[in-house]
file model-v2.txt (compact mmCIF, C-alpha atoms and all ligand atoms)
# COMPACT_ATOMS: atom_id res chain seq x y z
CA MET Q 1381 0.48 -54.25 -2.66
CA ALA Q 1382 -2.39 -53.83 -5.12
CA LEU Q 1383 -4.83 -56.67 -5.64
CA ALA Q 1384 -3.57 -59.52 -7.81
CA GLY Q 1385 -7.12 -60.54 -8.72
CA ILE Q 1386 -8.03 -62.98 -11.46
CA ASP Q 1387 -7.29 -61.71 -14.96
CA GLY Q 1388 -7.45 -58.17 -13.60
CA ARG Q 1389 -10.79 -58.68 -11.85
CA PRO Q 1390 -11.04 -58.60 -8.04
CA PHE Q 1391 -13.88 -61.17 -8.08
CA VAL Q 1392 -15.34 -63.53 -10.65
CA ASP Q 1393 -19.11 -63.48 -10.18
CA LEU Q 1394 -20.37 -67.06 -10.55
CA SER Q 1395 -23.99 -66.38 -9.60
CA GLY Q 1396 -25.07 -67.91 -12.93
CA LEU Q 1397 -24.12 -71.32 -11.53
CA VAL Q 1398 -26.66 -71.46 -8.69
CA ASP Q 1399 -29.90 -69.53 -8.38
CA ASP Q 1400 -31.16 -67.80 -5.25
CA GLY Q 1401 -33.96 -70.32 -4.70
CA ALA Q 1402 -31.47 -73.20 -4.55
CA LEU Q 1403 -29.28 -71.30 -2.06
CA ASP Q 1404 -32.31 -70.48 0.10
CA ALA Q 1405 -33.26 -74.18 0.15
CA LEU Q 1406 -29.74 -75.15 1.21
CA HIS Q 1407 -29.93 -72.68 4.09
CA VAL Q 1408 -32.82 -74.66 5.57
CA GLU Q 1409 -30.92 -77.96 5.40
CA ILE Q 1410 -27.60 -76.48 6.56
CA THR Q 1411 -28.83 -74.58 9.60
CA TYR Q 1412 -30.79 -77.62 10.79
CA ALA Q 1413 -27.65 -79.75 10.43
CA LEU Q 1414 -25.45 -77.16 12.17
CA ALA Q 1415 -27.81 -77.17 15.15
CA LYS Q 1416 -27.17 -80.91 15.57
CA LEU Q 1417 -23.56 -81.42 14.50
CA PRO Q 1418 -20.46 -80.69 16.56
CA THR Q 1419 -18.63 -77.73 15.02
CA ARG Q 1420 -15.27 -76.18 15.83
CA TYR Q 1421 -13.59 -72.78 15.82
CA THR Q 1422 -11.03 -71.72 13.26
CA GLY Q 1423 -8.81 -68.69 12.70
CA GLY Q 1424 -7.37 -67.01 15.77
CA SER Q 1425 -3.68 -67.10 14.81
CA HIS Q 1426 -3.38 -65.04 11.62
CA ARG Q 1427 -0.97 -62.57 13.23
CA SER Q 1428 1.43 -65.17 14.63
CA LEU Q 1429 1.28 -67.08 11.33
CA GLY Q 1430 2.42 -63.87 9.62
CA ILE Q 1431 -0.51 -63.90 7.18
CA SER Q 1432 -2.24 -60.64 8.13
CA PRO Q 1433 -1.35 -57.06 7.05
CA ALA Q 1434 0.58 -55.08 9.68
CA ALA Q 1435 -1.59 -51.98 9.13
CA LEU Q 1436 -4.64 -53.87 10.44
CA HIS Q 1437 -3.07 -55.49 13.53
CA ASP Q 1438 -5.09 -54.85 16.68
CA ASP Q 1439 -4.76 -55.87 20.32
CA ARG Q 1440 -7.02 -58.93 20.19
CA PRO Q 1441 -5.04 -61.89 21.55
CA ASP Q 1442 -3.74 -64.38 18.97
CA TYR Q 1443 -3.36 -67.97 20.19
CA GLY Q 1444 0.10 -68.49 18.69
CA GLU Q 1445 1.35 -65.56 20.76
CA VAL Q 1446 -0.61 -66.66 23.85
CA ILE Q 1447 0.74 -70.24 23.77
CA ALA Q 1448 4.30 -68.97 23.29
CA GLY Q 1449 3.89 -66.75 26.36
CA LEU Q 1450 2.39 -69.28 28.80
CA ASP Q 1451 4.48 -70.10 31.84
CA GLU Q 1452 5.15 -73.79 32.50
CA ALA Q 1453 2.21 -74.26 34.90
CA ARG Q 1454 -0.23 -72.62 32.49
CA PHE Q 1455 1.23 -74.55 29.58
CA GLN Q 1456 0.57 -77.80 31.45
CA MET Q 1457 -3.06 -76.70 31.97
CA PHE Q 1458 -3.30 -76.11 28.22
CA ALA Q 1459 -1.62 -79.47 27.49
CA SER Q 1460 -4.00 -81.31 29.82
CA LEU Q 1461 -6.88 -80.25 27.55
CA GLY Q 1462 -5.20 -81.82 24.53
CA ASP Q 1463 -6.05 -85.05 22.73
CA PRO Q 1464 -5.44 -87.92 25.22
CA ALA Q 1465 -4.67 -90.23 22.27
CA HIS Q 1466 -1.76 -87.96 21.22
CA PRO Q 1467 -0.43 -86.33 24.39
CA VAL Q 1468 1.95 -83.41 23.83
CA ASP Q 1469 3.30 -81.87 27.04
CA THR Q 1470 6.10 -79.74 25.66
CA ARG Q 1471 6.34 -76.81 23.24
CA GLU Q 1472 9.72 -77.99 22.04
CA GLY Q 1473 9.60 -79.07 18.39
CA HIS Q 1474 5.85 -78.47 18.07
CA VAL Q 1475 3.57 -75.93 16.45
CA PHE Q 1476 0.00 -75.93 17.77
CA GLY Q 1477 -3.12 -75.24 15.74
CA GLU Q 1478 -3.68 -74.24 12.14
CA ASP Q 1479 -0.77 -75.21 9.88
CA GLY Q 1480 0.98 -76.83 12.86
CA ASP Q 1481 1.69 -80.47 13.70
CA VAL Q 1482 -0.60 -80.55 16.78
CA PRO Q 1483 -4.25 -79.61 16.11
CA LEU Q 1484 -6.04 -77.80 18.93
CA THR Q 1485 -8.87 -79.67 20.61
CA ALA Q 1486 -12.22 -77.95 21.12
CA ALA Q 1487 -11.42 -77.72 24.86
CA GLN Q 1488 -8.08 -76.03 24.18
CA MET Q 1489 -9.77 -73.48 21.91
CA ARG Q 1490 -12.42 -72.75 24.53
CA TRP Q 1491 -9.74 -72.36 27.22
CA LEU Q 1492 -7.68 -70.01 25.03
CA GLU Q 1493 -10.84 -67.99 24.44
CA LEU Q 1494 -12.17 -67.98 28.01
CA ALA Q 1495 -8.93 -67.74 29.99
CA HIS Q 1496 -6.83 -65.66 27.59
CA GLY Q 1497 -9.33 -63.72 25.47
CA VAL Q 1498 -8.20 -65.22 22.17
CA TYR Q 1499 -10.42 -64.06 19.33
CA PHE Q 1500 -11.55 -66.89 17.07
CA PRO Q 1501 -13.34 -65.24 14.13
CA TRP Q 1502 -15.00 -68.34 12.69
CA LYS Q 1503 -16.84 -69.95 15.59
CA VAL Q 1504 -18.88 -72.32 13.45
CA TYR Q 1505 -16.50 -74.34 11.33
CA LEU Q 1506 -17.43 -77.64 9.73
CA GLU Q 1507 -15.37 -79.72 7.32
CA LEU Q 1508 -17.61 -81.60 4.89
CA THR Q 1509 -14.58 -83.59 3.76
CA PRO Q 1510 -11.96 -85.02 6.14
CA SER Q 1511 -9.03 -82.72 6.68
CA THR Q 1512 -5.53 -83.91 5.86
CA GLY Q 1513 -4.22 -80.90 7.77
CA ARG Q 1514 -2.29 -79.81 4.67
CA TRP Q 1515 -3.63 -76.77 2.83
CA ALA Q 1516 -1.82 -77.88 -0.33
CA ASP Q 1517 -4.01 -81.02 -0.52
CA LYS Q 1518 -7.21 -79.05 -0.99
CA ALA Q 1519 -7.55 -79.66 -4.75
CA ARG Q 1520 -7.13 -83.45 -4.50
CA PRO Q 1521 -10.13 -85.82 -4.70
CA VAL Q 1522 -11.51 -86.57 -1.25
CA PRO Q 1523 -14.73 -88.28 -0.06
CA TYR Q 1524 -17.34 -86.53 2.06
CA THR Q 1525 -17.57 -87.15 5.79
CA ARG Q 1526 -20.28 -89.47 7.11
CA ASP Q 1527 -21.93 -86.50 8.87
CA ALA Q 1528 -22.05 -84.53 5.61
CA MET Q 1529 -23.61 -87.48 3.76
CA LEU Q 1530 -26.18 -88.06 6.49
CA HIS Q 1531 -27.15 -84.47 7.26
CA LEU Q 1532 -26.42 -82.45 4.10
CA PRO Q 1533 -27.57 -84.54 1.10
CA ARG Q 1534 -29.07 -81.61 -0.89
CA THR Q 1535 -26.00 -79.51 -0.24
CA LEU Q 1536 -23.71 -82.27 -1.51
CA ALA Q 1537 -25.92 -82.82 -4.56
CA LEU Q 1538 -25.59 -79.14 -5.44
CA ILE Q 1539 -21.83 -79.19 -4.89
CA GLU Q 1540 -21.57 -82.22 -7.20
CA ARG Q 1541 -23.21 -80.16 -9.97
CA LEU Q 1542 -20.52 -77.44 -9.77
CA PRO Q 1543 -18.15 -77.40 -12.77
CA PHE Q 1544 -15.17 -79.18 -11.27
CA ALA Q 1545 -13.09 -81.81 -13.04
CA VAL Q 1546 -11.75 -82.68 -9.58
CA ARG Q 1547 -13.73 -81.74 -6.50
CA GLY Q 1548 -11.45 -81.31 -3.49
CA THR Q 1549 -12.08 -80.19 0.09
CA VAL Q 1550 -15.35 -78.58 1.20
CA LYS Q 1551 -15.52 -76.40 4.30
CA LEU Q 1552 -18.24 -74.37 5.95
CA LEU Q 1553 -17.05 -71.17 7.63
CA GLY Q 1554 -19.53 -69.37 9.87
CA LEU Q 1555 -19.30 -66.15 11.91
CA MET Q 1556 -21.42 -65.34 14.93
CA PRO Q 1557 -23.30 -62.01 15.13
CA GLY Q 1558 -20.95 -59.06 15.56
CA ASP Q 1559 -17.77 -60.98 14.74
CA ASP Q 1560 -15.54 -59.98 11.84
CA GLY Q 1561 -13.27 -62.28 9.86
CA THR Q 1562 -9.72 -61.03 10.36
CA VAL Q 1563 -8.00 -59.90 7.16
CA HIS Q 1564 -5.46 -62.42 5.95
CA ARG Q 1565 -4.32 -64.17 2.81
CA ASP Q 1566 -4.12 -67.88 2.14
CA GLY Q 1567 -0.72 -67.74 0.43
CA ASP Q 1568 2.10 -65.45 -0.63
CA PRO Q 1569 1.43 -63.95 -4.10
CA ALA Q 1570 5.17 -64.36 -4.84
CA ASP Q 1571 4.68 -68.15 -4.72
CA GLN Q 1572 1.66 -68.14 -7.01
CA THR Q 1573 1.68 -68.98 -10.71
CA GLU Q 1574 -2.10 -69.45 -11.07
CA PRO Q 1575 -4.95 -68.51 -8.72
CA ASP Q 1576 -6.22 -71.50 -6.70
CA ALA Q 1577 -9.56 -72.71 -8.08
CA PHE Q 1578 -12.57 -72.67 -5.77
CA VAL Q 1579 -16.21 -71.62 -5.53
CA MET Q 1580 -17.68 -69.74 -2.57
CA LEU Q 1581 -21.37 -70.25 -1.88
CA VAL Q 1582 -23.28 -68.02 0.55
CA PRO Q 1583 -26.62 -69.73 1.25
CA GLY Q 1584 -27.87 -67.73 4.26
CA ARG Q 1585 -27.95 -64.09 5.30
CA PRO Q 1586 -25.61 -61.63 3.57
CA LYS Q 1587 -21.93 -62.20 4.32
CA ARG Q 1588 -19.72 -59.27 3.37
CA LEU Q 1589 -16.44 -60.82 2.36
CA PHE Q 1590 -14.10 -58.13 1.04
CA LEU Q 1591 -10.67 -57.85 -0.54
CA TYR Q 1592 -8.26 -55.35 0.98
CA ASP Q 1593 -5.71 -53.38 -1.02
CA ASP Q 1594 -2.98 -52.51 1.47
CA ALA Q 1595 -1.47 -49.93 -0.89
CA THR Q 1596 -4.58 -47.73 -0.75
CA GLY Q 1597 -6.65 -49.17 2.13
CA ALA Q 1598 -9.50 -49.74 -0.35
CA ARG Q 1599 -11.95 -52.59 0.17
CA VAL Q 1600 -13.90 -54.37 -2.56
CA GLU Q 1601 -16.92 -56.43 -1.49
CA ALA Q 1602 -17.96 -59.74 -3.00
CA PRO Q 1603 -20.46 -59.20 -5.82
CA SER Q 1604 -23.02 -61.92 -5.14
CA ARG Q 1605 -23.76 -65.15 -3.27
CA VAL Q 1606 -21.59 -67.31 -5.56
CA TYR Q 1607 -18.12 -66.18 -6.55
CA TRP Q 1608 -14.40 -66.83 -6.90
CA PHE Q 1609 -11.47 -64.60 -5.97
CA ASN Q 1610 -7.72 -64.81 -5.66
CA ASP Q 1611 -7.18 -66.00 -2.09
CA HIS Q 1612 -3.59 -64.73 -2.21
CA ASP Q 1613 -5.09 -61.23 -2.02
CA TRP Q 1614 -5.79 -59.92 1.48
CA HIS Q 1615 -9.37 -60.79 2.41
CA GLY Q 1616 -11.63 -60.53 5.43
CA VAL Q 1617 -15.29 -60.44 6.45
CA ALA Q 1618 -17.02 -57.27 7.69
CA ALA Q 1619 -18.96 -57.49 10.97
CA ASP Q 1620 -22.73 -57.83 10.73
CA PRO Q 1621 -25.32 -58.33 13.46
CA TRP Q 1622 -26.38 -61.80 12.28
CA PHE Q 1623 -24.96 -65.29 11.86
CA ARG Q 1624 -23.65 -65.82 8.31
CA TYR Q 1625 -21.54 -68.41 6.63
CA SER Q 1626 -20.10 -69.56 3.35
CA ILE Q 1627 -19.16 -72.91 1.88
CA ARG Q 1628 -15.83 -73.06 0.11
CA VAL Q 1629 -15.43 -75.81 -2.49
CA ASP Q 1630 -11.87 -76.31 -3.76
CA GLY Q 1631 -10.71 -78.36 -6.69
CA VAL Q 1632 -9.70 -78.22 -10.33
CA PHE Q 1633 -12.19 -76.51 -12.64
CA ASP Q 1634 -13.58 -78.34 -15.60
CA PRO Q 1635 -11.34 -77.09 -18.50
CA ALA Q 1636 -14.24 -75.82 -20.65
CA PHE Q 1637 -15.65 -73.87 -17.69
CA ALA Q 1638 -12.21 -72.48 -16.84
CA ARG Q 1639 -11.83 -71.22 -20.44
CA GLU Q 1640 -15.33 -69.72 -20.42
CA ILE Q 1641 -14.85 -67.65 -17.24
CA ARG Q 1642 -11.31 -66.42 -18.00
FE FE N 1701 -8.86 -67.15 3.59
call {"tool": "encode", "arguments": {"input": "model-v2.txt", "output": "structure tokens"}}
result
Amino acid sequence: MALAGIDGRPFVDLSGLVDDGALDALHVEITYALAKLPTRYTGGSHRSLGISPAALHDDRPDYGEVIAGLDEARFQMFASLGDPAHPVDTREGHVFGEDGDVPLTAAQMRWLELAHGVYFPWKVYLELTPSTGRWADKARPVPYTRDAMLHLPRTLALIERLPFAVRGTVKLLGLMPGDDGTVHRDGDPADQTEPDAFVMLVPGRPKRLFLYDDATGARVEAPSRVYWFNDHDWHGVAADPWFRYSIRVDGVFDPAFAREIR
């Protein structure tokens, strides 16, 4: 399917909102905070979630498939690494991980990676707002986490200046050197009436996010360090030999700004 885009454009370049100097300054604060804060992995199950294009499927293990294939003894090893406050020792009636009812613990992710070779594309993942676990809640007002307020004050100040009427969830997604972000989409275009509103900020080294047209195989790279795109289009991140990350800020755009950019 060809790209849905936003008003016929693959990306909306929002680099006028934040200058390079401000992004460079954030990079200093953010990388210092990331060195101190506990971060998690994310991704790793796009194929089993059915949100990646068949033409790009490879043989890297996906944790949804791995968990489904564990024998009982191995499943109990996996379960023993779960959250002791919410023990889950059966697969029956449960979905583990992203979009499921049982979030994976850091230990479970590490075990899936080390014992079963699961590929987690985003190995440095930090939520600057508490997660409700429901993707649909991302445009609702939500406070920042205590860690974000303590360690990322300049970053939050810049986010607060973005043109949102409602500022929703804020997430930092980082890739380690050599890793690629598996191509996926965040929703089915058939379910979409309007593109979801968000701003992507890329404070550090270049991060080559691209859109993928599965009709032609064409890729279109993000135009700048601050942009918006239709996340119901297939998108991924090309491999590069350095750590890079983006911050995704969801919400509802200020109406005047929304009119101006459309
Ligand atoms: Fe995505």
call {"tool": "closest_residue", "arguments": {"input": "model-v2.txt", "among": "Q:Arg1599, Q:His1615, Q:Arg1427, Q:Arg1420", "to": "ligand FE 1701 (chain N)", "atoms": "only C-alpha atoms and all ligand atoms"}}
result
Q:His1615
call {"tool": "residues_near_ligand", "arguments": {"input": "model-v2.txt", "ligand": "ligand FE 1701 (chain N)", "cutoff": "12 Å", "atoms": "only C-alpha atoms and all ligand atoms", "output": "number ranges by chain"}}
result
Q: 1422-1423, 1426, 1431-1432, 1501-1502, 1515, 1551, 1553, 1561-1568, 1576, 1578, 1580, 1589-1591, 1608-1617, 1626-1628
call {"tool": "residues_around", "arguments": {"input": "model-v2.txt", "residues": "stretch 1407-1413 of chain Q", "least_positions_apart": "2", "cutoff": "12 Å", "atoms": "all atoms listed in the file", "output": "PyMOL selection string"}}
result
chain Q and resi 1400-1405+1415-1419+1504+1506+1508+1527-1536+1552-1554+1581-1586+1623-1627
call {"tool": "residues_around", "arguments": {"input": "model-v2.txt", "residues": "Q:Val1392", "least_positions_apart": "5", "cutoff": "12 Å", "atoms": "only C-alpha atoms", "output": "ChimeraX atom specification"}}
result
/Q:1385-1387,1397,1575,1577-1580,1601-1610,1638,1640-1642
call {"tool": "axis_aligned_box", "arguments": {"input": "model-v2.txt", "around": "stretch 1584-1597 of chain Q", "padding_each_side": "3 Å", "output": "lines of an AutoDock Vina configuration file"}}
result
center_x = -14.7
center_y = -57.7
center_z = 2.1
size_x = 32.5
size_y = 26.0
size_z = 12.3
call {"tool": "residues_around", "arguments": {"input": "model-v2.txt", "residues": "Q:Gly1548", "least_positions_apart": "4", "cutoff": "6 Å", "atoms": "all atoms listed in the file", "output": "VMD selection string"}}
result
chain Q and resid 1518 to 1522 1630 to 1631
call {"tool": "residues_around", "arguments": {"input": "model-v2.txt", "residues": "Q:Glu1493", "least_positions_apart": "6", "cutoff": "9 Å", "atoms": "only C-alpha atoms", "output": "list of chain:residue names"}}
result
Q:Pro1441, Q:Tyr1443, Q:Tyr1499, Q:Phe1500
call {"tool": "closest_residue", "arguments": {"input": "model-v2.txt", "among": "Q:Val1629, Q:Val1550, Q:Leu1436, Q:Val1446", "to": "Q:Gly1424", "atoms": "all atoms listed in the file"}}
result
Q:Val1446
call {"tool": "atom_distance", "arguments": {"input": "model-v2.txt", "atom1": "atom CA of Q:Ala1595", "atom2": "atom CA of Q:Gln1572"}}
result
19.5 Å
call {"tool": "closest_residue", "arguments": {"input": "model-v2.txt", "among": "Q:Ala1384, Q:Val1398, Q:Ala1487, Q:Ile1447", "to": "Q:Glu1540", "atoms": "only C-alpha atoms"}}
result
Q:Val1398
call {"tool": "atom_distance", "arguments": {"input": "model-v2.txt", "atom1": "atom CA of Q:His1437", "atom2": "atom CA of Q:Gly1597"}}
result
13.5 Å
call {"tool": "atom_distance", "arguments": {"input": "model-v2.txt", "atom1": "atom CA of Q:Ala1382", "atom2": "atom CA of Q:Val1600"}}
result
11.8 Å
call {"tool": "decode", "arguments": {"input": "model-v2.txt", "residues": "stretch 1398-1437 of chain Q", "atoms": "N, CA and C atoms", "output": "short mmCIF file (atom, residue, chain, number, x, y, z; two decimals), in the first residue's frame"}}
result
data_model
loop_
_atom_site.label_atom_id
_atom_site.label_comp_id
_atom_site.auth_asym_id
_atom_site.auth_seq_id
_atom_site.Cartn_x
_atom_site.Cartn_y
_atom_site.Cartn_z
N VAL Q 1398 12.10 24.21 16.80
CA VAL Q 1398 13.22 24.07 17.75
C VAL Q 1398 14.52 24.21 16.96
N ASP Q 1399 15.41 25.07 17.41
CA ASP Q 1399 16.64 25.23 16.62
C ASP Q 1399 17.70 24.20 17.04
N ASP Q 1400 18.71 24.08 16.19
CA ASP Q 1400 19.75 23.07 16.41
C ASP Q 1400 20.47 23.26 17.74
N GLY Q 1401 20.71 24.52 18.10
CA GLY Q 1401 21.43 24.79 19.36
C GLY Q 1401 20.66 24.25 20.55
N ALA Q 1402 19.34 24.41 20.54
CA ALA Q 1402 18.51 23.92 21.65
C ALA Q 1402 18.55 22.39 21.70
N LEU Q 1403 18.53 21.74 20.53
CA LEU Q 1403 18.59 20.27 20.50
C LEU Q 1403 19.95 19.78 20.99
N ASP Q 1404 21.01 20.49 20.59
CA ASP Q 1404 22.35 20.10 21.04
C ASP Q 1404 22.47 20.21 22.56
N ALA Q 1405 21.86 21.25 23.12
CA ALA Q 1405 21.91 21.43 24.58
C ALA Q 1405 21.14 20.31 25.28
N LEU Q 1406 20.01 19.92 24.72
CA LEU Q 1406 19.24 18.82 25.31
C LEU Q 1406 20.06 17.54 25.33
N HIS Q 1407 20.82 17.31 24.28
CA HIS Q 1407 21.62 16.08 24.16
C HIS Q 1407 22.55 15.93 25.37
N VAL Q 1408 23.10 17.03 25.83
CA VAL Q 1408 24.00 17.00 26.99
C VAL Q 1408 23.23 16.54 28.22
N GLU Q 1409 22.07 17.16 28.46
CA GLU Q 1409 21.26 16.80 29.64
C GLU Q 1409 20.76 15.35 29.54
N ILE Q 1410 20.29 14.98 28.37
CA ILE Q 1410 19.64 13.67 28.20
C ILE Q 1410 20.64 12.52 28.34
N THR Q 1411 21.79 12.65 27.72
CA THR Q 1411 22.74 11.53 27.79
C THR Q 1411 23.29 11.37 29.21
N TYR Q 1412 23.44 12.48 29.93
CA TYR Q 1412 23.88 12.39 31.33
C TYR Q 1412 22.80 11.68 32.17
N ALA Q 1413 21.55 12.03 31.92
CA ALA Q 1413 20.44 11.38 32.65
C ALA Q 1413 20.34 9.90 32.29
N LEU Q 1414 20.50 9.58 31.01
CA LEU Q 1414 20.38 8.17 30.58
C LEU Q 1414 21.47 7.30 31.21
N ALA Q 1415 22.64 7.91 31.45
CA ALA Q 1415 23.72 7.15 32.07
C ALA Q 1415 23.36 6.76 33.51
N LYS Q 1416 22.48 7.54 34.15
CA LYS Q 1416 22.15 7.30 35.55
C LYS Q 1416 20.83 6.55 35.75
N LEU Q 1417 19.89 6.74 34.82
CA LEU Q 1417 18.53 6.22 35.05
C LEU Q 1417 18.38 4.79 34.54
N PRO Q 1418 17.55 3.98 35.21
CA PRO Q 1418 17.27 2.65 34.66
C PRO Q 1418 16.41 2.79 33.41
N THR Q 1419 16.85 2.15 32.33
CA THR Q 1419 16.05 2.17 31.09
C THR Q 1419 15.67 0.74 30.74
N ARG Q 1420 14.74 0.59 29.83
CA ARG Q 1420 14.25 -0.73 29.45
C ARG Q 1420 14.42 -0.95 27.95
N TYR Q 1421 14.08 -2.14 27.51
CA TYR Q 1421 14.03 -2.45 26.08
C TYR Q 1421 12.58 -2.26 25.61
N THR Q 1422 12.43 -2.00 24.32
CA THR Q 1422 11.09 -2.11 23.75
C THR Q 1422 11.20 -2.61 22.31
N GLY Q 1423 10.05 -2.92 21.72
CA GLY Q 1423 10.04 -3.61 20.42
C GLY Q 1423 10.28 -5.10 20.68
N GLY Q 1424 10.60 -5.83 19.63
CA GLY Q 1424 10.92 -7.24 19.81
C GLY Q 1424 9.78 -8.19 19.52
N SER Q 1425 8.58 -7.64 19.21
CA SER Q 1425 7.45 -8.55 18.94
C SER Q 1425 6.58 -8.04 17.79
N HIS Q 1426 7.17 -7.23 16.91
CA HIS Q 1426 6.36 -6.66 15.82
C HIS Q 1426 5.77 -7.74 14.92
N ARG Q 1427 6.53 -8.82 14.69
CA ARG Q 1427 6.02 -9.87 13.79
C ARG Q 1427 4.85 -10.60 14.42
N SER Q 1428 4.99 -11.00 15.69
CA SER Q 1428 3.88 -11.75 16.31
C SER Q 1428 2.68 -10.84 16.57
N LEU Q 1429 2.91 -9.53 16.70
CA LEU Q 1429 1.77 -8.61 16.84
C LEU Q 1429 1.07 -8.37 15.50
N GLY Q 1430 1.71 -8.82 14.41
CA GLY Q 1430 1.10 -8.64 13.09
C GLY Q 1430 1.17 -7.20 12.61
N ILE Q 1431 2.20 -6.44 13.06
CA ILE Q 1431 2.28 -5.03 12.66
C ILE Q 1431 3.55 -4.74 11.86
N SER Q 1432 4.09 -5.78 11.18
CA SER Q 1432 5.24 -5.55 10.31
C SER Q 1432 4.95 -6.15 8.94
N PRO Q 1433 5.52 -5.55 7.86
CA PRO Q 1433 5.21 -6.01 6.50
C PRO Q 1433 5.87 -7.36 6.20
N ALA Q 1434 5.10 -8.27 5.62
CA ALA Q 1434 5.58 -9.63 5.37
C ALA Q 1434 6.85 -9.63 4.52
N ALA Q 1435 6.96 -8.70 3.58
CA ALA Q 1435 8.12 -8.68 2.68
C ALA Q 1435 9.43 -8.44 3.43
N LEU Q 1436 9.36 -7.87 4.63
CA LEU Q 1436 10.58 -7.55 5.38
C LEU Q 1436 10.82 -8.51 6.54
N HIS Q 1437 10.03 -9.58 6.65
CA HIS Q 1437 10.25 -10.52 7.76
C HIS Q 1437 11.61 -11.20 7.60
#
